[in-house]
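S.K.: Below is the file structure_21.tsv, which contains TSV, C-alpha atoms.
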```
chain	number	residue	atom	x	y	z
A	1	MET	CA	9.75	-7.03	-55.54
A	2	LEU	CA	7.25	-4.62	-54.00
A	3	LEU	CA	6.87	-6.90	-50.98
A	4	TRP	CA	10.64	-7.00	-50.55
A	5	ASP	CA	10.89	-3.21	-50.68
A	6	TRP	CA	8.15	-2.93	-48.05
A	7	LEU	CA	9.90	-5.38	-45.73
A	8	VAL	CA	13.19	-3.51	-46.03
A	9	LYS	CA	11.52	-0.21	-45.23
A	10	LEU	CA	9.73	-1.77	-42.25
A	11	SER	CA	13.02	-3.17	-40.95
A	12	VAL	CA	14.70	0.22	-41.20
A	13	TYR	CA	11.75	1.93	-39.48
A	14	LEU	CA	11.77	-0.48	-36.56
A	15	HIS	CA	15.52	-0.06	-36.17
A	16	ILE	CA	15.30	3.73	-36.09
A	17	TYR	CA	12.01	3.96	-34.21
A	18	PRO	CA	11.92	0.99	-31.84
A	19	GLU	CA	8.80	0.26	-29.87
A	20	LYS	CA	8.55	2.54	-26.86
A	21	ALA	CA	9.66	0.82	-23.68
A	22	SER	CA	6.93	0.11	-21.15
A	23	SER	CA	7.50	2.42	-18.19
A	24	THR	CA	5.83	3.33	-14.92
A	25	ILE	CA	6.33	6.26	-12.57
A	26	VAL	CA	7.06	5.16	-9.00
A	27	PHE	CA	6.23	7.71	-6.31
A	28	VAL	CA	7.88	7.30	-2.90
A	29	GLY	CA	6.99	8.92	0.41
A	30	GLY	CA	8.96	8.84	3.63
A	31	TYR	CA	10.20	10.69	6.68
A	32	THR	CA	11.79	14.10	6.12
A	33	GLY	CA	14.53	15.97	7.95
A	34	ASN	CA	16.82	18.99	7.90
A	35	ALA	CA	20.15	17.31	7.19
A	36	PRO	CA	21.45	17.60	3.61
A	37	THR	CA	20.97	13.89	2.95
A	38	ASP	CA	17.51	13.70	4.52
A	39	SER	CA	14.37	13.39	2.46
A	40	LYS	CA	12.59	16.65	1.64
A	41	GLY	CA	9.26	15.20	0.52
A	42	ILE	CA	7.96	12.90	-2.22
A	43	TYR	CA	10.34	11.49	-4.84
A	44	ALA	CA	9.76	9.89	-8.23
A	45	PHE	CA	11.51	7.09	-10.09
A	46	LEU	CA	11.09	5.57	-13.53
A	47	LEU	CA	10.46	1.84	-13.65
A	48	ASP	CA	11.55	0.54	-17.05
A	49	GLU	CA	9.74	-2.78	-17.37
A	50	THR	CA	11.75	-3.81	-20.42
A	51	LYS	CA	15.12	-3.41	-18.69
A	52	SER	CA	13.83	-4.16	-15.15
A	53	THR	CA	15.48	-1.05	-13.75
A	54	LEU	CA	14.65	1.90	-11.50
A	55	THR	CA	15.97	5.36	-12.42
A	56	PRO	CA	15.68	8.46	-10.18
A	57	LEU	CA	13.61	11.37	-11.51
A	58	GLY	CA	14.28	13.58	-8.49
A	59	LEU	CA	12.22	15.39	-5.90
A	60	SER	CA	8.57	15.60	-6.93
A	61	VAL	CA	7.50	18.10	-4.28
A	62	GLU	CA	8.56	19.26	-0.84
A	63	THR	CA	6.23	18.28	1.99
A	64	SER	CA	6.66	17.20	5.62
A	65	ASN	CA	6.73	13.49	6.58
A	66	PRO	CA	4.65	12.06	3.71
A	67	SER	CA	4.87	8.60	5.26
A	68	TYR	CA	1.87	7.27	3.33
A	69	ILE	CA	0.95	8.27	-0.22
A	70	LEU	CA	-1.84	7.28	-2.59
A	71	VAL	CA	-2.42	7.93	-6.29
A	72	HIS	CA	-6.05	8.86	-7.03
A	73	PRO	CA	-8.09	6.40	-9.17
A	74	SER	CA	-8.21	9.04	-11.94
A	75	HIS	CA	-4.38	9.20	-11.98
A	76	LYS	CA	-4.68	13.00	-11.96
A	77	TYR	CA	-3.93	13.53	-8.27
A	78	LEU	CA	-1.82	12.16	-5.44
A	79	TYR	CA	-2.58	12.36	-1.72
A	80	ALA	CA	-0.19	12.16	1.22
A	81	VAL	CA	-0.47	12.13	4.97
A	82	ASN	CA	1.76	14.53	6.87
A	83	GLU	CA	2.65	12.38	9.88
A	84	GLN	CA	2.88	14.87	12.73
A	85	ASP	CA	1.03	15.76	15.93
A	86	ASP	CA	-1.41	18.03	14.09
A	87	GLY	CA	-1.94	15.52	11.30
A	88	THR	CA	-2.90	16.64	7.81
A	89	VAL	CA	-3.74	15.22	4.41
A	90	THR	CA	-2.26	17.08	1.43
A	91	ALA	CA	-3.61	16.92	-2.13
A	92	PHE	CA	-1.27	17.25	-5.12
A	93	LYS	CA	-1.85	17.58	-8.85
A	94	ILE	CA	0.20	15.21	-10.98
A	95	ASP	CA	1.94	17.18	-13.74
A	96	SER	CA	1.14	15.56	-17.09
A	97	THR	CA	3.95	17.43	-18.87
A	98	LYS	CA	6.82	16.81	-16.45
A	99	PRO	CA	7.09	13.14	-15.40
A	100	GLY	CA	7.08	12.70	-11.65
A	101	ARG	CA	6.38	16.33	-10.76
A	102	LEU	CA	3.66	17.30	-8.26
A	103	THR	CA	2.11	20.63	-7.28
A	104	VAL	CA	0.21	21.31	-4.07
A	105	ILE	CA	-3.56	21.76	-4.36
A	106	ASN	CA	-4.55	22.11	-0.71
A	107	GLN	CA	-4.37	20.58	2.75
A	108	GLN	CA	-6.89	19.53	5.39
A	109	SER	CA	-6.74	18.24	8.95
A	110	SER	CA	-6.66	14.45	9.26
A	111	ARG	CA	-8.66	14.81	12.48
A	112	GLY	CA	-5.93	13.20	14.54
A	113	ALA	CA	-2.24	12.84	15.37
A	114	GLY	CA	0.22	10.78	13.39
A	115	PRO	CA	-1.81	9.92	10.27
A	116	CYS	CA	-0.36	6.74	8.78
A	117	TYR	CA	-2.74	5.31	6.15
A	118	LEU	CA	-4.95	6.39	3.25
A	119	SER	CA	-7.51	4.69	1.01
A	120	THR	CA	-10.27	5.83	-1.34
A	121	ASN	CA	-13.52	4.50	-2.69
A	122	LYS	CA	-13.53	3.37	-6.33
A	123	ALA	CA	-15.09	6.59	-7.60
A	124	GLY	CA	-12.44	8.58	-5.78
A	125	ASP	CA	-14.77	11.12	-4.22
A	126	TYR	CA	-13.87	10.19	-0.62
A	127	ILE	CA	-10.54	9.54	1.08
A	128	PHE	CA	-10.21	7.61	4.34
A	129	VAL	CA	-7.42	8.27	6.84
A	130	ALA	CA	-6.21	6.44	9.96
A	131	ASN	CA	-4.44	8.40	12.71
A	132	TYR	CA	-2.08	6.19	14.68
A	133	ASN	CA	-1.09	8.31	17.66
A	134	ASN	CA	-4.56	8.98	19.07
A	135	GLY	CA	-6.56	6.18	17.44
A	136	THR	CA	-8.98	8.07	15.21
A	137	VAL	CA	-10.29	7.49	11.68
A	138	ALA	CA	-11.87	10.06	9.39
A	139	VAL	CA	-13.44	10.49	5.96
A	140	LEU	CA	-12.66	13.54	3.82
A	141	PRO	CA	-14.56	14.33	0.60
A	142	ILE	CA	-12.58	14.98	-2.58
A	143	ASN	CA	-13.62	17.69	-5.04
A	144	MET	CA	-13.74	15.79	-8.32
A	145	ASN	CA	-13.28	18.98	-10.34
A	146	ASP	CA	-9.89	19.97	-8.96
A	147	GLY	CA	-8.77	17.13	-6.63
A	148	SER	CA	-8.86	19.24	-3.47
A	149	VAL	CA	-9.73	17.65	-0.13
A	150	LYS	CA	-12.58	19.08	1.92
A	151	THR	CA	-13.19	19.09	5.65
A	152	PHE	CA	-14.15	15.76	7.23
A	153	THR	CA	-17.63	14.23	6.92
A	154	GLY	CA	-17.01	11.03	8.90
A	155	PHE	CA	-15.12	10.41	12.14
A	156	ASP	CA	-14.65	7.88	14.93
A	157	GLN	CA	-12.53	7.72	18.08
A	158	GLN	CA	-11.32	4.20	18.78
A	159	THR	CA	-10.66	3.16	22.38
A	160	GLY	CA	-9.09	0.41	24.44
A	161	SER	CA	-5.75	-1.20	25.22
A	162	SER	CA	-4.18	-4.65	25.31
A	163	VAL	CA	-1.32	-6.66	26.77
A	164	ASP	CA	1.84	-5.09	25.31
A	165	PRO	CA	3.02	-2.47	27.86
A	166	ASP	CA	5.01	-0.52	25.26
A	167	ARG	CA	2.77	-0.54	22.20
A	168	GLN	CA	-0.76	-1.20	23.45
A	169	THR	CA	-1.59	1.26	26.22
A	170	SER	CA	-4.17	3.04	24.04
A	171	ALA	CA	-5.89	2.83	20.66
A	172	HIS	CA	-3.67	3.09	17.56
A	173	ALA	CA	-5.67	3.03	14.32
A	174	HIS	CA	-3.36	1.70	11.62
A	175	CYS	CA	-5.60	1.38	8.57
A	176	ILE	CA	-9.13	1.87	7.27
A	177	LEU	CA	-10.36	0.21	4.10
A	178	LEU	CA	-13.71	-0.21	2.35
A	179	ASP	CA	-14.79	-3.70	1.42
A	180	LYS	CA	-15.40	-4.57	-2.23
A	181	HIS	CA	-19.07	-3.52	-2.15
A	182	GLU	CA	-18.13	-0.24	-0.47
A	183	GLN	CA	-20.99	-0.37	2.01
A	184	PHE	CA	-18.79	-1.22	4.98
A	185	ALA	CA	-15.24	-0.43	6.09
A	186	LEU	CA	-12.81	-2.17	8.42
A	187	SER	CA	-10.13	-0.51	10.54
A	188	ALA	CA	-7.30	-2.32	12.33
A	189	ASP	CA	-6.49	-0.92	15.77
A	190	LEU	CA	-3.02	-2.10	16.79
A	191	GLY	CA	-3.36	-0.70	20.31
A	192	SER	CA	-6.48	-2.55	21.38
A	193	ASP	CA	-6.15	-5.74	19.29
A	194	GLN	CA	-9.46	-5.00	17.59
A	195	ILE	CA	-10.95	-4.69	14.10
A	196	TYR	CA	-13.59	-1.97	13.91
A	197	HIS	CA	-16.54	-2.36	11.54
A	198	TYR	CA	-18.21	0.73	10.04
A	199	LYS	CA	-21.19	1.37	7.84
A	200	PHE	CA	-20.21	3.91	5.17
A	201	PHE	CA	-22.86	6.27	3.80
A	202	SER	CA	-21.71	7.44	0.37
A	203	ASN	CA	-24.51	10.00	0.10
A	204	ASN	CA	-22.96	12.17	2.82
A	205	GLY	CA	-19.58	10.57	3.61
A	206	SER	CA	-20.41	9.60	7.18
A	207	LEU	CA	-19.31	6.56	9.19
A	208	LEU	CA	-21.33	4.55	11.70
A	209	ARG	CA	-19.57	2.05	13.93
A	210	THR	CA	-21.52	-1.22	13.80
A	211	SER	CA	-19.39	-3.82	15.61
A	212	ILE	CA	-15.92	-4.81	16.77
A	213	THR	CA	-14.04	-8.05	16.12
A	214	LYS	CA	-11.25	-9.12	18.47
A	215	ALA	CA	-7.88	-9.97	16.96
A	216	GLY	CA	-6.92	-13.62	16.84
A	217	ARG	CA	-4.94	-13.42	20.11
A	218	PRO	CA	-4.04	-10.76	22.69
A	219	GLY	CA	-0.86	-8.96	21.68
A	220	ASP	CA	-1.28	-9.56	17.94
A	221	GLY	CA	-1.20	-5.85	17.10
A	222	PRO	CA	-3.23	-5.86	13.86
A	223	ARG	CA	-1.71	-3.41	11.37
A	224	HIS	CA	-3.02	-3.70	7.80
A	225	LEU	CA	-5.66	-5.85	6.13
A	226	VAL	CA	-6.83	-6.89	2.67
A	227	PHE	CA	-10.02	-8.43	1.29
A	228	ASN	CA	-10.11	-11.09	-1.38
A	229	SER	CA	-12.31	-10.29	-4.40
A	230	ASN	CA	-15.29	-12.44	-3.46
A	231	GLN	CA	-15.25	-11.03	0.08
A	232	LYS	CA	-15.28	-14.44	1.69
A	233	PHE	CA	-12.05	-13.76	3.56
A	234	VAL	CA	-10.06	-10.96	5.22
A	235	TYR	CA	-6.30	-11.22	5.73
A	236	VAL	CA	-4.78	-9.23	8.61
A	237	ILE	CA	-1.06	-8.79	9.19
A	238	ASN	CA	-0.25	-8.62	12.89
A	239	GLU	CA	2.68	-6.28	13.46
A	240	LEU	CA	3.62	-7.41	16.97
A	241	LYS	CA	3.31	-11.17	16.46
A	242	SER	CA	4.66	-11.27	12.86
A	243	GLU	CA	1.69	-13.35	11.76
A	244	ILE	CA	-1.18	-13.25	9.30
A	245	THR	CA	-4.64	-14.09	10.60
A	246	VAL	CA	-7.19	-15.28	8.07
A	247	PHE	CA	-10.79	-14.36	8.91
A	248	THR	CA	-14.06	-15.23	7.31
A	249	TYR	CA	-15.86	-11.99	6.51
A	250	PHE	CA	-19.57	-12.41	5.83
A	251	PRO	CA	-21.90	-13.01	7.58
A	252	LEU	CA	-19.55	-13.41	10.58
A	253	MET	CA	-15.92	-12.30	10.90
A	254	GLN	CA	-14.16	-15.21	12.56
A	255	SER	CA	-10.51	-16.33	12.54
A	256	ILE	CA	-9.85	-19.62	10.74
A	257	GLN	CA	-6.04	-19.70	10.34
A	258	THR	CA	-2.92	-18.04	11.71
A	259	MET	CA	0.34	-18.21	9.77
A	260	SER	CA	3.74	-16.91	10.83
A	261	THR	CA	5.47	-14.64	8.34
A	262	LEU	CA	8.87	-15.87	9.60
A	263	PRO	CA	11.00	-18.98	9.06
A	264	THR	CA	10.67	-21.48	11.88
A	265	ASN	CA	14.37	-21.17	12.80
A	266	PHE	CA	14.39	-17.36	13.12
A	267	THR	CA	14.79	-16.15	16.72
A	268	GLY	CA	15.56	-12.44	16.32
A	269	MET	CA	13.35	-9.38	16.75
A	270	ASN	CA	10.79	-8.72	14.02
A	271	THR	CA	7.62	-6.80	13.27
A	272	GLY	CA	5.22	-7.37	10.40
A	273	ALA	CA	4.51	-4.44	8.09
A	274	GLU	CA	2.76	-4.60	4.71
A	275	ILE	CA	0.42	-7.16	3.14
A	276	ALA	CA	-0.85	-7.38	-0.44
A	277	PHE	CA	-2.46	-9.78	-2.89
A	278	HIS	CA	-1.07	-10.40	-6.33
A	279	PRO	CA	-3.28	-7.92	-8.23
A	280	THR	CA	-4.18	-9.96	-11.30
A	281	ASN	CA	-4.95	-13.42	-9.94
A	282	GLU	CA	-5.04	-13.33	-6.09
A	283	LYS	CA	-3.37	-16.73	-6.05
A	284	TYR	CA	-0.53	-15.31	-3.99
A	285	LEU	CA	-0.23	-13.13	-0.90
A	286	TYR	CA	2.86	-11.14	0.08
A	287	ALA	CA	3.96	-9.80	3.48
A	288	SER	CA	7.04	-7.90	4.69
A	289	ASN	CA	9.18	-8.62	7.74
A	290	ARG	CA	11.12	-5.86	9.53
A	291	GLY	CA	13.97	-7.56	11.37
A	292	HIS	CA	14.22	-10.70	9.30
A	293	ASP	CA	14.20	-8.20	6.42
A	294	SER	CA	12.34	-10.34	3.95
A	295	ILE	CA	9.21	-10.71	1.88
A	296	ALA	CA	7.18	-13.81	2.70
A	297	VAL	CA	5.18	-15.28	-0.20
A	298	PHE	CA	2.12	-17.46	0.33
A	299	SER	CA	-0.13	-19.36	-2.02
A	300	VAL	CA	-3.85	-18.84	-1.38
A	301	ASP	CA	-6.58	-21.47	-1.55
A	302	SER	CA	-9.52	-19.52	-2.95
A	303	ASN	CA	-12.03	-22.06	-1.63
A	304	THR	CA	-10.89	-22.34	1.98
A	305	GLY	CA	-8.93	-19.09	2.29
A	306	TYR	CA	-5.96	-20.97	3.76
A	307	LEU	CA	-2.38	-19.88	3.17
A	308	THR	CA	0.68	-22.01	2.39
A	309	LEU	CA	4.18	-20.55	2.66
A	310	ILE	CA	6.18	-20.88	-0.56
A	311	GLN	CA	9.09	-18.41	-0.26
A	312	HIS	CA	11.13	-16.06	1.86
A	313	ILE	CA	13.39	-13.65	-0.03
A	314	ASN	CA	15.83	-11.11	1.39
A	315	VAL	CA	14.93	-7.49	0.60
A	316	GLN	CA	18.58	-6.42	0.14
A	317	GLY	CA	18.17	-3.74	2.78
A	318	ARG	CA	16.87	-3.12	6.28
A	319	THR	CA	13.34	-2.59	7.59
A	320	PRO	CA	10.97	-3.11	4.64
A	321	ARG	CA	8.27	-0.75	5.90
A	322	ASP	CA	6.32	-0.99	2.64
A	323	PHE	CA	6.19	-2.66	-0.74
A	324	ASN	CA	3.83	-2.42	-3.68
A	325	ILE	CA	3.12	-4.56	-6.72
A	326	THR	CA	2.67	-3.00	-10.15
A	327	PRO	CA	-0.93	-3.22	-11.44
A	328	ASN	CA	0.10	-5.72	-14.11
A	329	GLY	CA	1.47	-8.03	-11.42
A	330	LYS	CA	4.97	-8.29	-12.92
A	331	PHE	CA	7.08	-6.24	-10.51
A	332	LEU	CA	7.36	-5.56	-6.78
A	333	VAL	CA	9.20	-2.56	-5.30
A	334	VAL	CA	10.30	-2.68	-1.65
A	335	ALA	CA	10.91	0.44	0.45
A	336	ASN	CA	13.67	-0.31	2.98
A	337	GLN	CA	13.35	2.44	5.58
A	338	ASP	CA	16.56	1.96	7.57
A	339	SER	CA	18.91	1.25	4.67
A	340	ASN	CA	17.55	4.13	2.60
A	341	ASN	CA	16.90	2.22	-0.60
A	342	LEU	CA	14.29	0.86	-2.98
A	343	VAL	CA	14.78	-2.61	-4.41
A	344	LEU	CA	13.09	-4.01	-7.52
A	345	PHE	CA	11.93	-7.62	-7.85
A	346	THR	CA	10.21	-9.49	-10.68
A	347	ILE	CA	7.25	-11.77	-10.00
A	348	ASP	CA	6.80	-15.14	-11.67
A	349	GLU	CA	3.07	-15.05	-12.34
A	350	THR	CA	2.95	-18.86	-12.57
A	351	THR	CA	4.59	-19.61	-9.22
A	352	GLY	CA	4.19	-16.27	-7.43
A	353	LYS	CA	7.86	-16.29	-6.44
A	354	LEU	CA	10.08	-13.21	-6.42
A	355	THR	CA	13.46	-12.75	-8.08
A	356	ALA	CA	15.80	-9.83	-7.43
A	357	THR	CA	16.57	-7.81	-10.55
A	358	GLY	CA	19.76	-6.26	-9.22
A	359	SER	CA	18.22	-2.80	-9.50
A	360	SER	CA	18.39	-0.73	-6.31
A	361	VAL	CA	18.24	3.05	-5.86
A	362	GLU	CA	18.92	5.32	-2.90
A	363	VAL	CA	16.25	7.42	-1.20
A	364	SER	CA	16.17	8.62	2.40
A	365	LYS	CA	13.88	6.78	4.84
A	366	PRO	CA	11.32	5.47	2.33
A	367	THR	CA	8.05	4.28	3.88
A	368	CYS	CA	5.50	4.06	1.05
A	369	VAL	CA	5.39	3.26	-2.67
A	370	ASP	CA	2.67	3.89	-5.26
A	371	TYR	CA	2.48	3.81	-9.04
A	372	LEU	CA	1.38	6.02	-11.92
A	373	VAL	CA	0.94	3.82	-14.98
```
What is this file in C-alpha cells?

M.R.:
Amino acid sequence: MLLWDWLVKLSVYLHIYPEKASSTIVFVGGYTGNAPTDSKGIYAFLLDETKSTLTPLGLSVETSNPSYILVHPSHKYLYAVNEQDDGTVTAFKIDSTKPGRLTVINQQSSRGAGPCYLSTNKAGDYIFVANYNNGTVAVLPINMNDGSVKTFTGFDQQTGSSVDPDRQTSAHAHCILLDKHEQFALSADLGSDQIYHYKFFSNNGSLLRTSITKAGRPGDGPRHLVFNSNQKFVYVINELKSEITVFTYFPLMQSIQTMSTLPTNFTGMNTGAEIAFHPTNEKYLYASNRGHDSIAVFSVDSNTGYLTLIQHINVQGRTPRDFNITPNGKFLVVANQDSNNLVLFTIDETTGKLTATGSSVEVSKPTCVDYLV
C-alpha cells in the first residue's frame, strides 16, 4: 500500500511539474539599416529541442552590421564584428538573468576594413579577426576578468590577386582559425587564391607568417576552412567555384580531392558560403550553397579524408550565408540572408541527413548564427 501511495504521488508530481524542456539560445547577427523593418543589431531566439521550434526573444542589443558573431568559450560574453570601412570588434556581456539580452562592454579596432570572421583559442584569451576589404588579419587579447577586448597584439597584411576580374583584384582575408594544437593558424584569402600559414605565440599574442599554400585551382576563391580532429586534413570551401578542396595538413599541405557542392545538373549562378563538421562524430561535413539555396551533406572517410555526397536539401529561403549546428549535433539552423528568415532542421546522427522541422522565423538579413547552451 505504501508503494502504491508513492507511485500515485510521483505520477501527480510529474504531471504538475514536468521535466524542463531542453532549450538553447540562438543568437543571430546580420546587416543593419534605417528602415523600420531593417535589423538593428543582434537578435535572440529560443530553440526548444523537445518541440523542434524556434521562438523569437527580440532584439538583444543594438549594434551596426554585426555580420559575424561568436559566443566566448566561457559562455559569459559574445563578440561581434562591425562590418564597415573602419572595422571594429565589439564585446558584449551575456545577461544571465534576462535570456538573450546583451550589454556592451567595449569596442576595439579590427585593424582593417570590412571585418567578416572571428575565432578564439580554447582558453578564450585571444580573438582572431579577418578583414575582407583590405586583406588583413589581427589578434586581439581578451581580458578574462571582464570580457573586454584590448588593442591588437598580432597583425598581417595579405597581398596578391588572381584570375577573377571582379572579385580577385586584391587580397580579401575571409577567415583565420587556429589548428587543434593552437600553435599555428590558417587564413583563407579569397582574393589571391591562397591559404596563409601563421605561427601563433600565445605568450604575447603575436603572429608570424611562415608559408603560403596555393588554392587547388586559380579562381577557387577560398572562403572558410575547418580542421578534422586528428589534424590530418583541412577542408576548404571555395566561394567562387562552389567546391570543397580537401588538403592534407601535416607535414605538407597538399590538395588530394575536390568536390562540387552542387548537383551535376545545376547550371545557375552559385557561390559557396559556410562549411562545418558534425560536432560529435565528424562523420559528416555540411556546406551551404547561395544560388542553388541548399545545404550539401557529405560523408567523411576518416582514414583517407575523402568526401562522398549523400544529400542536397533546400533551405526554404534564399542565400544561406551561414548555418550552425548545435553542440549536441541534433539541430542545424540556417540563416537565409535574402529571404530574411531562419530555418530549423534536425540531423539524423546515424545517416547525417537533414530533415526540415517546419519551424521558420523572420529576421532581417541574417548572416551568422551562434548558440548559448

S.K.: Smallest atom-to-atom distance to A:Ala91: which of A:Leu332, A:Ala296, A:Ala130, A:Leu78, using all atoms listed in the file?

M.R.: A:Leu78

S.K.: What is the distance between atom CA of A:Gly219 and atom CA of A:Ala287, in Å to one decimal?

M.R.: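 Taking atom CA of A:Gly219 as the start and atom CA of A:Ala287 as the end point, the length is 18.8 Å.
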
S.K.: Could you jot down the atom CA of A:Tyr43 to atom CA of A:Gly29 separation for me, Å, one decimal place?

M.R.: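 For atom CA of A:Tyr43 relative to atom CA of A:Gly29, the distance reads 6.7 Å.
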
S.K.: Axis-aligned box over every listed atom of stretch 349-364 of chain A, padded by 8 Å per side: centre and edges in Å to one decimal, as AutoDock Vina command-line options?

M.R.:
```
--center_x 11.4 --center_y -5.5 --center_z -5.1 --size_x 32.8 --size_y 44.2 --size_z 31.0
```

S.K.: What is the atom CA of A:Ser119 to atom CA of A:Gly205 distance in Å?

M.R.: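 Result for atom CA of A:Ser119 versus atom CA of A:Gly205: 13.7 Å, one decimal.
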
S.K.: List the spatial neighbours of A:Cys116 as an MDAnalysis selection string - criterion: any atom at most 9 Å away, all atoms listed in the file, same-chain residues fewer than 5 positions off excluded.

M.R.: chainID A and resid 66:68 81:83 129:132 173:175

S.K.: What would the list of residues within 7 Å of (12.4, 11.3, 3.8) (file frame) look like as a ChimeraX atom specification, if only C-alpha atoms are what count?

M.R.: /A:29-33,38-41,65,364-366

S.K.: Would you please work out which residue, of A:Leu372, A:Met269, A:Leu262, A:Leu190, is nearest to A:Val236 when using only C-alpha atoms?

M.R.: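 Looking only at the distances to A:Val236, the closest residue turns out to be A:Leu190.
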
S.K.: Kindly indicate which residue among A:Asn121, A:Asn336, A:Thr350, A:Asn265 lies nearest to A:Val28, using all atoms listed in the file for the distances.

M.R.: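 When distances to A:Val28 are compared using all atoms listed in the file, the smallest one comes from A:Asn336.
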
S.K.: Env of A:Asn314: 7 Å cut, atoms = only C-alpha atoms, seq-sep filter 4 positions within chain, self excluded. Answer as a ChimeraX atom specification.

M.R.: /A:293-295

S.K.: Near A:Thr159, within 9 Å and counting only C-alpha atoms, which residues show up once chain neighbours fewer than 5 positions away are dropped, as a list of chain:residue names?

M.R.: A:Gly135, A:Thr136, A:Ser170, A:Ala171, A:His172, A:Asp189, A:Gly191, A:Ser192
